[in-house]
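Remarks on the structure that follows.
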Amino acid sequence: GKTYECKARGSFRKDGVSPLVGDRVEFEVTEEFKGIINKIFERKNFIERPPVANIDKLFIISSYTNPTPNTLLIDKMTVIARYNNIEPIIVFNKADMGDFSQIREIYERSGFKTYTVSALNNEGITELRSELEDCISAFTGNSGVGKSSILNSLFERDIIKTGDISQKLGRGRHTTRHTELYEIPPNSFVADTPGFSTFEAGITDYKLKEMLPELFFDFKEYLPYCKFSSCTHTSDNGCAVLQALKEGKIQASRHNSYFELF
Ligand code: GDP
Ligand code: ZN
């Protein structure tokens, strides 16, 4: 419950490591509320853009209108999250405007945790807040879906000005990008990053393509049953994934996204 302002031990730089927002560290108190970071513990993950470590959950936000949900974008974000060992959580905002049950069902059936909320009238916000407990979380989604509004409802105060995020993004800062963790006491942390909507970590990695099928967790149980171990699950040649798709066990939009991403 105390805050210590720390410097990193000099030898970190020599080793090419530097403390990141979200790091768990060991530090030594040098004077009152000051210290030196001596050790950075192994990271569960680390994202370059936004620069942050140890994210547990990625909340992928879409909204009823302005803009409408885009399954390819949602699915792409779930892949990036799982590639980085982050749990993707699907959130539909602006529930006051209409019914999300169809798209929500696609994600429920595909094994995701989903929430329907309205930042406008606080519907579902309490449930969402409990999902944040004991975690470091980040939020992503297109501009206008209501990320700032949801965060302000979660925190019960205006931590971010709505409609401000894209402005922050556009204004290229000449200093290094700034990331901060906001706390909902006692133990929920949310990364405020100017890059909320450009959570792009790892997407250019070649390994990602190779791993793509297993990052679709809803395909996982069928993968061992494809006729060829080199199966790309894009054409019908003894493919167990396509068979499951035909039988309605895999959602069509999920396989469409897989195909596009592949
Ligand atoms: P961001 O760009 O994702 O941070 O989105 P904002 O939080 O700035 O919200 C974009 C617009 O959507 C604003 O005009 C908000 O007032 C509006 N908005 C946000 N949440 C809701 C909601 O639950 N219902 C409705 N009807 N409008 C909302
Ligand atoms: Zn296959």
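Residues are referred to by chain and number: the chain letter is A, B, ... according to the order shown in the structure tokens, the number counts from 1 in that chain, and ligands are numbered separately from 1 in the order shown.
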
Could you tell me, as a tab-separated table (two decimals) with all heavy atoms, in the first residue's frame, which residues of stretch 20-168 of chain A DSSP assigns to strand (DSSP E) when given the backbone?
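Produced file out-v4.tsv, reproduced below:
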```
chain	number	residue	atom	x	y	z
A	25	VAL	N	9.03	-6.70	-9.50
A	25	VAL	CA	10.45	-6.48	-9.21
A	25	VAL	C	10.78	-6.67	-7.74
A	25	VAL	O	9.89	-6.70	-6.88
A	25	VAL	CB	10.88	-5.04	-9.61
A	25	VAL	CG1	10.60	-4.77	-11.08
A	25	VAL	CG2	10.21	-3.99	-8.74
A	26	GLU	N	12.07	-6.81	-7.50
A	26	GLU	CA	12.57	-6.79	-6.13
A	26	GLU	C	13.35	-5.48	-6.00
A	26	GLU	O	14.15	-5.15	-6.87
A	26	GLU	CB	13.52	-7.97	-5.96
A	26	GLU	CG	13.76	-8.39	-4.55
A	26	GLU	CD	14.56	-9.70	-4.57
A	26	GLU	OE1	15.78	-9.61	-4.64
A	26	GLU	OE2	13.93	-10.77	-4.54
A	27	PHE	N	13.07	-4.73	-4.94
A	27	PHE	CA	13.80	-3.46	-4.80
A	27	PHE	C	14.28	-3.28	-3.37
A	27	PHE	O	13.81	-3.93	-2.44
A	27	PHE	CB	12.93	-2.28	-5.26
A	27	PHE	CG	11.80	-1.94	-4.32
A	27	PHE	CD1	11.93	-0.87	-3.45
A	27	PHE	CD2	10.63	-2.67	-4.32
A	27	PHE	CE1	10.89	-0.54	-2.57
A	27	PHE	CE2	9.59	-2.35	-3.46
A	27	PHE	CZ	9.72	-1.28	-2.58
A	28	GLU	N	15.22	-2.37	-3.24
A	28	GLU	CA	15.88	-2.12	-1.98
A	28	GLU	C	15.55	-0.68	-1.58
A	28	GLU	O	15.70	0.23	-2.40
A	28	GLU	CB	17.37	-2.27	-2.26
A	28	GLU	CG	18.30	-2.30	-1.11
A	28	GLU	CD	19.74	-2.37	-1.65
A	28	GLU	OE1	20.03	-3.20	-2.55
A	28	GLU	OE2	20.55	-1.57	-1.18
A	29	VAL	N	15.12	-0.50	-0.36
A	29	VAL	CA	14.79	0.85	0.09
A	29	VAL	C	16.09	1.59	0.41
A	29	VAL	O	16.93	1.09	1.14
A	29	VAL	CB	13.88	0.81	1.33
A	29	VAL	CG1	13.56	2.22	1.83
A	29	VAL	CG2	12.59	0.06	1.01
A	30	THR	N	16.26	2.76	-0.18
A	30	THR	CA	17.49	3.53	0.08
A	30	THR	C	17.22	4.69	1.04
A	30	THR	O	18.03	4.99	1.90
A	30	THR	CB	18.07	4.10	-1.24
A	30	THR	OG1	17.03	4.74	-1.97
A	30	THR	CG2	18.65	2.99	-2.09
A	31	GLU	N	16.11	5.35	0.87
A	31	GLU	CA	15.67	6.34	1.85
A	31	GLU	C	14.14	6.30	1.86
A	31	GLU	O	13.55	5.53	1.11
A	31	GLU	CB	16.22	7.72	1.51
A	31	GLU	CG	15.94	8.14	0.08
A	31	GLU	CD	16.65	9.42	-0.32
A	31	GLU	OE1	16.28	10.48	0.21
A	31	GLU	OE2	17.56	9.37	-1.18
A	34	LYS	N	12.01	5.89	-1.33
A	34	LYS	CA	12.87	5.81	-2.52
A	34	LYS	C	13.60	4.48	-2.49
A	34	LYS	O	13.82	3.89	-1.42
A	34	LYS	CB	13.89	6.95	-2.53
A	34	LYS	CG	13.22	8.29	-2.60
A	34	LYS	CD	13.99	9.28	-3.43
A	34	LYS	CE	13.10	10.49	-3.59
A	34	LYS	NZ	13.49	11.50	-4.44
A	35	GLY	N	13.99	4.02	-3.67
A	35	GLY	CA	14.69	2.75	-3.70
A	35	GLY	C	15.38	2.46	-5.03
A	35	GLY	O	15.36	3.28	-5.94
A	36	ILE	N	16.00	1.28	-5.05
A	36	ILE	CA	16.68	0.83	-6.26
A	36	ILE	C	16.11	-0.53	-6.64
A	36	ILE	O	16.02	-1.43	-5.81
A	36	ILE	CB	18.21	0.70	-6.04
A	36	ILE	CG1	18.81	2.09	-5.80
A	36	ILE	CG2	18.88	0.06	-7.25
A	36	ILE	CD1	20.31	2.06	-5.62
A	37	ILE	N	15.74	-0.68	-7.91
A	37	ILE	CA	15.25	-1.97	-8.40
A	37	ILE	C	16.45	-2.86	-8.68
A	37	ILE	O	17.33	-2.51	-9.47
A	37	ILE	CB	14.41	-1.79	-9.69
A	37	ILE	CG1	13.14	-1.00	-9.37
A	37	ILE	CG2	14.06	-3.15	-10.29
A	37	ILE	CD1	12.32	-0.60	-10.58
A	38	ASN	N	16.49	-3.99	-7.98
A	38	ASN	CA	17.64	-4.91	-8.12
A	38	ASN	C	17.35	-6.07	-9.04
A	38	ASN	O	18.25	-6.66	-9.60
A	38	ASN	CB	18.02	-5.47	-6.75
A	38	ASN	CG	18.85	-4.49	-5.96
A	38	ASN	OD1	19.65	-3.74	-6.53
A	38	ASN	ND2	18.63	-4.44	-4.65
A	39	LYS	N	16.08	-6.43	-9.16
A	39	LYS	CA	15.77	-7.63	-9.92
A	39	LYS	C	14.42	-7.48	-10.61
A	39	LYS	O	13.47	-6.99	-10.00
A	39	LYS	CB	15.73	-8.83	-8.95
A	39	LYS	CG	15.47	-10.14	-9.64
A	39	LYS	CD	15.48	-11.29	-8.64
A	39	LYS	CE	15.03	-12.54	-9.37
A	39	LYS	NZ	15.00	-13.70	-8.49
A	40	ILE	N	14.36	-7.90	-11.87
A	40	ILE	CA	13.08	-7.93	-12.58
A	40	ILE	C	12.72	-9.41	-12.73
A	40	ILE	O	13.49	-10.19	-13.28
A	40	ILE	CB	13.19	-7.28	-13.98
A	40	ILE	CG1	13.63	-5.82	-13.84
A	40	ILE	CG2	11.87	-7.38	-14.73
A	40	ILE	CD1	13.99	-5.14	-15.16
A	46	PHE	N	5.36	-9.73	-22.74
A	46	PHE	CA	5.72	-8.33	-22.83
A	46	PHE	C	5.39	-7.81	-24.22
A	46	PHE	O	5.63	-8.48	-25.22
A	46	PHE	CB	7.17	-8.13	-22.38
A	46	PHE	CG	8.13	-7.66	-23.42
A	46	PHE	CD1	8.21	-6.31	-23.73
A	46	PHE	CD2	8.98	-8.55	-24.06
A	46	PHE	CE1	9.11	-5.88	-24.68
A	46	PHE	CE2	9.87	-8.12	-25.01
A	46	PHE	CZ	9.94	-6.78	-25.32
A	47	ILE	N	4.73	-6.68	-24.25
A	47	ILE	CA	4.21	-6.09	-25.47
A	47	ILE	C	5.07	-4.87	-25.78
A	47	ILE	O	5.38	-4.10	-24.89
A	47	ILE	CB	2.74	-5.63	-25.25
A	47	ILE	CG1	1.90	-6.71	-24.59
A	47	ILE	CG2	2.12	-5.15	-26.54
A	47	ILE	CD1	1.64	-7.91	-25.41
A	52	VAL	N	4.35	-2.63	-22.24
A	52	VAL	CA	3.80	-3.06	-20.94
A	52	VAL	C	4.04	-4.56	-20.78
A	52	VAL	O	4.11	-5.30	-21.76
A	52	VAL	CB	2.29	-2.66	-20.86
A	52	VAL	CG1	1.50	-3.24	-22.00
A	52	VAL	CG2	1.67	-3.06	-19.54
A	53	ALA	N	4.24	-4.99	-19.53
A	53	ALA	CA	4.54	-6.40	-19.26
A	53	ALA	C	3.45	-7.02	-18.39
A	53	ALA	O	2.72	-6.32	-17.69
A	53	ALA	CB	5.89	-6.51	-18.54
A	57	LYS	N	-5.26	-10.03	-19.02
A	57	LYS	CA	-6.51	-10.06	-19.81
A	57	LYS	C	-6.56	-8.90	-20.79
A	57	LYS	O	-6.19	-7.78	-20.45
A	57	LYS	CB	-7.73	-9.96	-18.87
A	57	LYS	CG	-7.88	-11.19	-17.99
A	57	LYS	CD	-9.03	-11.07	-17.03
A	57	LYS	CE	-9.10	-12.33	-16.16
A	57	LYS	NZ	-10.09	-12.21	-15.08
A	58	LEU	N	-7.03	-9.22	-21.99
A	58	LEU	CA	-7.27	-8.17	-22.99
A	58	LEU	C	-8.77	-8.08	-23.22
A	58	LEU	O	-9.40	-9.05	-23.67
A	58	LEU	CB	-6.55	-8.50	-24.30
A	58	LEU	CG	-6.75	-7.46	-25.41
A	58	LEU	CD1	-6.10	-6.12	-25.05
A	58	LEU	CD2	-6.17	-7.97	-26.73
A	59	PHE	N	-9.35	-6.94	-22.90
A	59	PHE	CA	-10.78	-6.72	-23.11
A	59	PHE	C	-10.95	-6.14	-24.51
A	59	PHE	O	-10.46	-5.06	-24.80
A	59	PHE	CB	-11.35	-5.79	-22.04
A	59	PHE	CG	-11.41	-6.44	-20.68
A	59	PHE	CD1	-10.28	-6.50	-19.86
A	59	PHE	CD2	-12.58	-7.05	-20.24
A	59	PHE	CE1	-10.33	-7.14	-18.63
A	59	PHE	CE2	-12.64	-7.68	-19.01
A	59	PHE	CZ	-11.51	-7.72	-18.20
A	60	ILE	N	-11.62	-6.91	-25.36
A	60	ILE	CA	-11.82	-6.51	-26.75
A	60	ILE	C	-13.22	-5.93	-26.87
A	60	ILE	O	-14.22	-6.64	-26.72
A	60	ILE	CB	-11.64	-7.72	-27.69
A	60	ILE	CG1	-10.24	-8.32	-27.49
A	60	ILE	CG2	-11.88	-7.32	-29.15
A	60	ILE	CD1	-10.06	-9.70	-28.12
A	61	ILE	N	-13.28	-4.63	-27.10
A	61	ILE	CA	-14.56	-3.93	-27.03
A	61	ILE	C	-15.12	-3.70	-28.44
A	61	ILE	O	-14.39	-3.25	-29.33
A	61	ILE	CB	-14.40	-2.54	-26.36
A	61	ILE	CG1	-13.44	-2.58	-25.16
A	61	ILE	CG2	-15.76	-1.95	-25.98
A	61	ILE	CD1	-13.95	-3.26	-23.94
A	62	SER	N	-16.39	-4.01	-28.62
A	62	SER	CA	-17.08	-3.51	-29.82
A	62	SER	C	-18.39	-2.88	-29.36
A	62	SER	O	-18.78	-3.00	-28.20
A	62	SER	CB	-17.34	-4.58	-30.87
A	62	SER	OG	-17.27	-5.86	-30.39
A	63	SER	N	-19.08	-2.21	-30.30
A	63	SER	CA	-20.29	-1.52	-29.89
A	63	SER	C	-21.41	-1.78	-30.88
A	63	SER	O	-21.19	-2.30	-31.96
A	63	SER	CB	-20.02	-0.02	-29.77
A	63	SER	OG	-19.71	0.52	-31.03
A	87	GLU	N	-5.47	-13.65	-21.78
A	87	GLU	CA	-6.84	-14.14	-22.00
A	87	GLU	C	-7.69	-13.06	-22.68
A	87	GLU	O	-7.85	-11.97	-22.15
A	87	GLU	CB	-7.50	-14.54	-20.67
A	87	GLU	CG	-8.88	-15.15	-20.91
A	87	GLU	CD	-9.70	-15.41	-19.64
A	87	GLU	OE1	-9.21	-15.13	-18.53
A	87	GLU	OE2	-10.84	-15.89	-19.78
A	88	PRO	N	-8.25	-13.36	-23.87
A	88	PRO	CA	-9.11	-12.38	-24.51
A	88	PRO	C	-10.52	-12.45	-23.95
A	88	PRO	O	-11.08	-13.53	-23.75
A	88	PRO	CB	-9.12	-12.81	-25.99
A	88	PRO	CG	-8.72	-14.24	-26.00
A	88	PRO	CD	-8.07	-14.59	-24.70
A	89	ILE	N	-11.11	-11.31	-23.66
A	89	ILE	CA	-12.48	-11.23	-23.14
A	89	ILE	C	-13.26	-10.32	-24.09
A	89	ILE	O	-12.79	-9.23	-24.44
A	89	ILE	CB	-12.49	-10.63	-21.72
A	89	ILE	CG1	-11.44	-11.33	-20.87
A	89	ILE	CG2	-13.89	-10.60	-21.14
A	89	ILE	CD1	-11.86	-12.06	-19.68
A	90	ILE	N	-14.42	-10.80	-24.53
A	90	ILE	CA	-15.17	-10.06	-25.54
A	90	ILE	C	-16.25	-9.22	-24.87
A	90	ILE	O	-17.08	-9.75	-24.14
A	90	ILE	CB	-15.84	-11.02	-26.55
A	90	ILE	CG1	-14.90	-12.18	-26.94
A	90	ILE	CG2	-16.35	-10.28	-27.77
A	90	ILE	CD1	-13.72	-11.79	-27.76
A	91	VAL	N	-16.24	-7.92	-25.14
A	91	VAL	CA	-17.21	-7.02	-24.51
A	91	VAL	C	-17.99	-6.26	-25.58
A	91	VAL	O	-17.41	-5.67	-26.49
A	91	VAL	CB	-16.49	-5.99	-23.59
A	91	VAL	CG1	-17.50	-5.07	-22.93
A	91	VAL	CG2	-15.65	-6.71	-22.54
A	92	PHE	N	-19.32	-6.32	-25.47
A	92	PHE	CA	-20.19	-5.57	-26.38
A	92	PHE	C	-20.78	-4.39	-25.61
A	92	PHE	O	-21.44	-4.58	-24.59
A	92	PHE	CB	-21.31	-6.48	-26.91
A	92	PHE	CG	-20.75	-7.67	-27.65
A	92	PHE	CD1	-20.79	-8.94	-27.09
A	92	PHE	CD2	-20.17	-7.51	-28.91
A	92	PHE	CE1	-20.26	-10.03	-27.76
A	92	PHE	CE2	-19.65	-8.60	-29.59
A	92	PHE	CZ	-19.68	-9.87	-29.02
A	93	ASN	N	-20.50	-3.21	-26.10
A	93	ASN	CA	-20.95	-1.99	-25.43
A	93	ASN	C	-22.10	-1.33	-26.20
A	93	ASN	O	-22.33	-1.63	-27.37
A	93	ASN	CB	-19.78	-1.01	-25.28
A	93	ASN	CG	-20.15	0.23	-24.49
A	93	ASN	OD1	-20.92	0.15	-23.52
A	93	ASN	ND2	-19.64	1.38	-24.90
A	113	LYS	N	-15.23	-15.86	-22.77
A	113	LYS	CA	-16.00	-15.11	-21.79
A	113	LYS	C	-16.50	-13.86	-22.48
A	113	LYS	O	-15.72	-13.17	-23.14
A	113	LYS	CB	-15.10	-14.69	-20.63
A	113	LYS	CG	-15.07	-15.66	-19.48
A	113	LYS	CD	-14.39	-15.01	-18.29
A	113	LYS	CE	-13.89	-16.07	-17.34
A	113	LYS	NZ	-12.78	-15.60	-16.52
A	114	THR	N	-17.79	-13.58	-22.37
A	114	THR	CA	-18.34	-12.40	-23.02
A	114	THR	C	-19.15	-11.55	-22.03
A	114	THR	O	-19.68	-12.09	-21.06
A	114	THR	CB	-19.27	-12.77	-24.20
A	114	THR	OG1	-20.44	-13.37	-23.66
A	114	THR	CG2	-18.62	-13.73	-25.17
A	115	TYR	N	-19.20	-10.27	-22.29
A	115	TYR	CA	-20.00	-9.35	-21.47
A	115	TYR	C	-20.77	-8.41	-22.40
A	115	TYR	O	-20.24	-7.99	-23.42
A	115	TYR	CB	-19.11	-8.52	-20.55
A	115	TYR	CG	-18.49	-9.34	-19.44
A	115	TYR	CD1	-17.29	-10.01	-19.64
A	115	TYR	CD2	-19.14	-9.48	-18.23
A	115	TYR	CE1	-16.73	-10.79	-18.63
A	115	TYR	CE2	-18.60	-10.26	-17.20
A	115	TYR	CZ	-17.40	-10.91	-17.42
A	115	TYR	OH	-16.87	-11.67	-16.43
A	116	THR	N	-21.99	-8.13	-22.02
A	116	THR	CA	-22.75	-7.09	-22.70
A	116	THR	C	-22.93	-5.97	-21.69
A	116	THR	O	-23.40	-6.20	-20.58
A	116	THR	CB	-24.12	-7.62	-23.16
A	116	THR	OG1	-23.90	-8.72	-24.04
A	116	THR	CG2	-24.90	-6.57	-23.91
A	135	CYS	N	-5.87	-8.71	-11.50
A	135	CYS	CA	-5.29	-8.83	-12.85
A	135	CYS	C	-4.70	-7.51	-13.30
A	135	CYS	O	-5.07	-6.45	-12.81
A	135	CYS	CB	-6.39	-9.13	-13.87
A	135	CYS	SG	-7.07	-10.76	-13.75
A	136	ILE	N	-3.81	-7.64	-14.29
A	136	ILE	CA	-3.45	-6.48	-15.09
A	136	ILE	C	-4.18	-6.63	-16.41
A	136	ILE	O	-4.08	-7.66	-17.07
A	136	ILE	CB	-1.93	-6.40	-15.34
A	136	ILE	CG1	-1.16	-6.31	-14.01
A	136	ILE	CG2	-1.60	-5.20	-16.22
A	136	ILE	CD1	0.35	-6.26	-14.18
A	137	SER	N	-4.94	-5.62	-16.77
A	137	SER	CA	-5.77	-5.71	-17.98
A	137	SER	C	-5.46	-4.58	-18.93
A	137	SER	O	-4.94	-3.54	-18.54
A	137	SER	CB	-7.25	-5.60	-17.60
A	137	SER	OG	-7.58	-6.57	-16.64
A	138	ALA	N	-5.78	-4.83	-20.20
A	138	ALA	CA	-5.71	-3.76	-21.20
A	138	ALA	C	-6.99	-3.80	-22.00
A	138	ALA	O	-7.65	-4.83	-22.08
A	138	ALA	CB	-4.50	-3.96	-22.10
A	139	PHE	N	-7.34	-2.66	-22.58
A	139	PHE	CA	-8.56	-2.54	-23.38
A	139	PHE	C	-8.18	-2.22	-24.81
A	139	PHE	O	-7.27	-1.45	-25.06
A	139	PHE	CB	-9.46	-1.43	-22.82
A	139	PHE	CG	-10.23	-1.85	-21.60
A	139	PHE	CD1	-9.57	-2.20	-20.43
A	139	PHE	CD2	-11.61	-1.90	-21.62
A	139	PHE	CE1	-10.28	-2.61	-19.31
A	139	PHE	CE2	-12.33	-2.29	-20.50
A	139	PHE	CZ	-11.66	-2.65	-19.35
A	140	THR	N	-8.91	-2.82	-25.74
A	140	THR	CA	-8.67	-2.51	-27.15
A	140	THR	C	-10.00	-2.46	-27.89
A	140	THR	O	-11.02	-2.95	-27.38
A	140	THR	CB	-7.71	-3.55	-27.78
A	140	THR	OG1	-7.37	-3.12	-29.11
A	140	THR	CG2	-8.36	-4.91	-27.88
```

Proximity of chain A to ligand 1: per-residue shortest pair, 6 Å limit, only C-alpha atoms and all ligand atoms, as a Markdown table:
```
| residue | atom | partner | partner_atom_place_in_ligand_line | distance |
| --- | --- | --- | --- | --- |
| A:Asn93 | CA | ligand 1 | 23 (O) | 5.3 |
| A:Lys94 | CA | ligand 1 | 23 (O) | 3.4 |
| A:Asp96 | CA | ligand 1 | 24 (N) | 5.7 |
| A:Met97 | CA | ligand 1 | 26 (N) | 5.8 |
| A:Ser118 | CA | ligand 1 | 23 (O) | 3.4 |
| A:Ala119 | CA | ligand 1 | 23 (O) | 3.7 |
| A:Leu120 | CA | ligand 1 | 23 (O) | 4.0 |
| A:Ser143 | CA | ligand 1 | 2 (O) | 3.8 |
| A:Gly144 | CA | ligand 1 | 2 (O) | 3.6 |
| A:Val145 | CA | ligand 1 | 3 (O) | 4.1 |
| A:Gly146 | CA | ligand 1 | 5 (O) | 3.2 |
| A:Lys147 | CA | ligand 1 | 3 (O) | 3.7 |
| A:Ser148 | CA | ligand 1 | 7 (O) | 3.8 |
| A:Ser149 | CA | ligand 1 | 7 (O) | 3.7 |
| A:Thr162 | CA | ligand 1 | 8 (O) | 3.6 |
| A:Gly163 | CA | ligand 1 | 8 (O) | 3.4 |
| A:Ile165 | CA | ligand 1 | 4 (O) | 5.8 |
```

Just-selected residues, N, CA, C and O atoms written as a PDB file, in the first residue's frame:
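Final output, again05.pdb:
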```
ATOM      1  N   ASN A  93     -20.495  -3.206 -26.105  1.00  0.00           N
ATOM      2  CA  ASN A  93     -20.953  -1.991 -25.427  1.00  0.00           C
ATOM      3  C   ASN A  93     -22.103  -1.331 -26.199  1.00  0.00           C
ATOM      4  O   ASN A  93     -22.330  -1.631 -27.366  1.00  0.00           O
ATOM      5  N   LYS A  94     -22.800  -0.421 -25.538  1.00  0.00           N
ATOM      6  CA  LYS A  94     -23.968   0.295 -26.049  1.00  0.00           C
ATOM      7  C   LYS A  94     -25.176  -0.640 -26.139  1.00  0.00           C
ATOM      8  O   LYS A  94     -25.946  -0.593 -27.107  1.00  0.00           O
ATOM      9  N   ASP A  96     -27.719  -0.400 -24.585  1.00  0.00           N
ATOM     10  CA  ASP A  96     -28.960   0.402 -24.545  1.00  0.00           C
ATOM     11  C   ASP A  96     -29.508   0.648 -25.951  1.00  0.00           C
ATOM     12  O   ASP A  96     -30.671   1.000 -26.124  1.00  0.00           O
ATOM     13  N   MET A  97     -28.675   0.411 -26.980  1.00  0.00           N
ATOM     14  CA  MET A  97     -29.106   0.719 -28.348  1.00  0.00           C
ATOM     15  C   MET A  97     -29.736  -0.466 -29.074  1.00  0.00           C
ATOM     16  O   MET A  97     -30.425  -0.278 -30.071  1.00  0.00           O
ATOM     17  N   SER A 118     -23.483  -1.447 -20.965  1.00  0.00           N
ATOM     18  CA  SER A 118     -23.765  -0.110 -21.467  1.00  0.00           C
ATOM     19  C   SER A 118     -23.071   0.877 -20.537  1.00  0.00           C
ATOM     20  O   SER A 118     -23.419   0.981 -19.356  1.00  0.00           O
ATOM     21  N   ALA A 119     -22.092   1.554 -21.077  1.00  0.00           N
ATOM     22  CA  ALA A 119     -21.384   2.545 -20.258  1.00  0.00           C
ATOM     23  C   ALA A 119     -22.313   3.710 -19.941  1.00  0.00           C
ATOM     24  O   ALA A 119     -22.163   4.389 -18.936  1.00  0.00           O
ATOM     25  N   LEU A 120     -23.305   3.882 -20.822  1.00  0.00           N
ATOM     26  CA  LEU A 120     -24.238   4.999 -20.675  1.00  0.00           C
ATOM     27  C   LEU A 120     -25.078   4.855 -19.413  1.00  0.00           C
ATOM     28  O   LEU A 120     -25.233   5.808 -18.651  1.00  0.00           O
ATOM     29  N   SER A 143     -11.854   3.094 -32.392  1.00  0.00           N
ATOM     30  CA  SER A 143     -12.222   4.391 -31.866  1.00  0.00           C
ATOM     31  C   SER A 143     -13.751   4.539 -31.905  1.00  0.00           C
ATOM     32  O   SER A 143     -14.378   4.160 -32.881  1.00  0.00           O
ATOM     33  N   GLY A 144     -14.332   5.010 -30.832  1.00  0.00           N
ATOM     34  CA  GLY A 144     -15.772   5.251 -30.795  1.00  0.00           C
ATOM     35  C   GLY A 144     -16.597   4.138 -30.186  1.00  0.00           C
ATOM     36  O   GLY A 144     -17.799   4.304 -29.984  1.00  0.00           O
ATOM     37  N   VAL A 145     -15.985   2.988 -29.884  1.00  0.00           N
ATOM     38  CA  VAL A 145     -16.765   1.882 -29.311  1.00  0.00           C
ATOM     39  C   VAL A 145     -17.110   2.132 -27.847  1.00  0.00           C
ATOM     40  O   VAL A 145     -18.009   1.485 -27.299  1.00  0.00           O
ATOM     41  N   GLY A 146     -16.398   3.053 -27.222  1.00  0.00           N
ATOM     42  CA  GLY A 146     -16.732   3.414 -25.845  1.00  0.00           C
ATOM     43  C   GLY A 146     -15.714   2.976 -24.797  1.00  0.00           C
ATOM     44  O   GLY A 146     -16.059   2.815 -23.625  1.00  0.00           O
ATOM     45  N   LYS A 147     -14.479   2.792 -25.196  1.00  0.00           N
ATOM     46  CA  LYS A 147     -13.445   2.360 -24.242  1.00  0.00           C
ATOM     47  C   LYS A 147     -13.304   3.355 -23.092  1.00  0.00           C
ATOM     48  O   LYS A 147     -13.306   2.967 -21.924  1.00  0.00           O
ATOM     49  N   SER A 148     -13.188   4.637 -23.429  1.00  0.00           N
ATOM     50  CA  SER A 148     -13.010   5.639 -22.372  1.00  0.00           C
ATOM     51  C   SER A 148     -14.242   5.679 -21.477  1.00  0.00           C
ATOM     52  O   SER A 148     -14.118   5.750 -20.254  1.00  0.00           O
ATOM     53  N   SER A 149     -15.426   5.589 -22.095  1.00  0.00           N
ATOM     54  CA  SER A 149     -16.662   5.625 -21.305  1.00  0.00           C
ATOM     55  C   SER A 149     -16.723   4.446 -20.347  1.00  0.00           C
ATOM     56  O   SER A 149     -17.101   4.599 -19.181  1.00  0.00           O
ATOM     57  N   THR A 162     -13.555  11.186 -22.739  1.00  0.00           N
ATOM     58  CA  THR A 162     -14.097  10.430 -23.881  1.00  0.00           C
ATOM     59  C   THR A 162     -13.789  11.184 -25.168  1.00  0.00           C
ATOM     60  O   THR A 162     -13.718  12.402 -25.190  1.00  0.00           O
ATOM     61  N   GLY A 163     -13.616  10.391 -26.195  1.00  0.00           N
ATOM     62  CA  GLY A 163     -13.330  10.982 -27.502  1.00  0.00           C
ATOM     63  C   GLY A 163     -11.929  11.553 -27.620  1.00  0.00           C
ATOM     64  O   GLY A 163     -11.599  12.195 -28.598  1.00  0.00           O
ATOM     65  N   ILE A 165      -8.999   9.681 -27.050  1.00  0.00           N
ATOM     66  CA  ILE A 165      -7.926   8.724 -27.267  1.00  0.00           C
ATOM     67  C   ILE A 165      -7.279   8.878 -28.645  1.00  0.00           C
ATOM     68  O   ILE A 165      -6.062   8.889 -28.747  1.00  0.00           O
TER      69      ILE A 165
END
```

Please check which protein, DNA or RNA residues sit within 10 Å of ligand 2, counting only C-alpha atoms and all ligand atoms, and write them as a PyMOL selection string.
chain A and resi 213+219+222-244

Can you tell me, as a PyMOL selection string, what residues are no more than 8 Å from A:Arg43 when counting only C-alpha atoms, ignoring any on the same chain fewer than 2 positions away?
chain A and resi 23-24+41+45-46+53-54

Non-local contacts of A:Leu132 (12 Å; only C-alpha atoms; under 6 positions in same chain excluded) as a count of residues only
24

How many Å lie between atom CA of A:Ile250 and atom CA of A:Phe262, rounded to one decimal?
16.8 Å

Restricting the calculation to only C-alpha atoms: of A:Ile80, A:Arg49, A:Lys209, A:Glu42, which residue gets closest to A:Val17?
A:Glu42
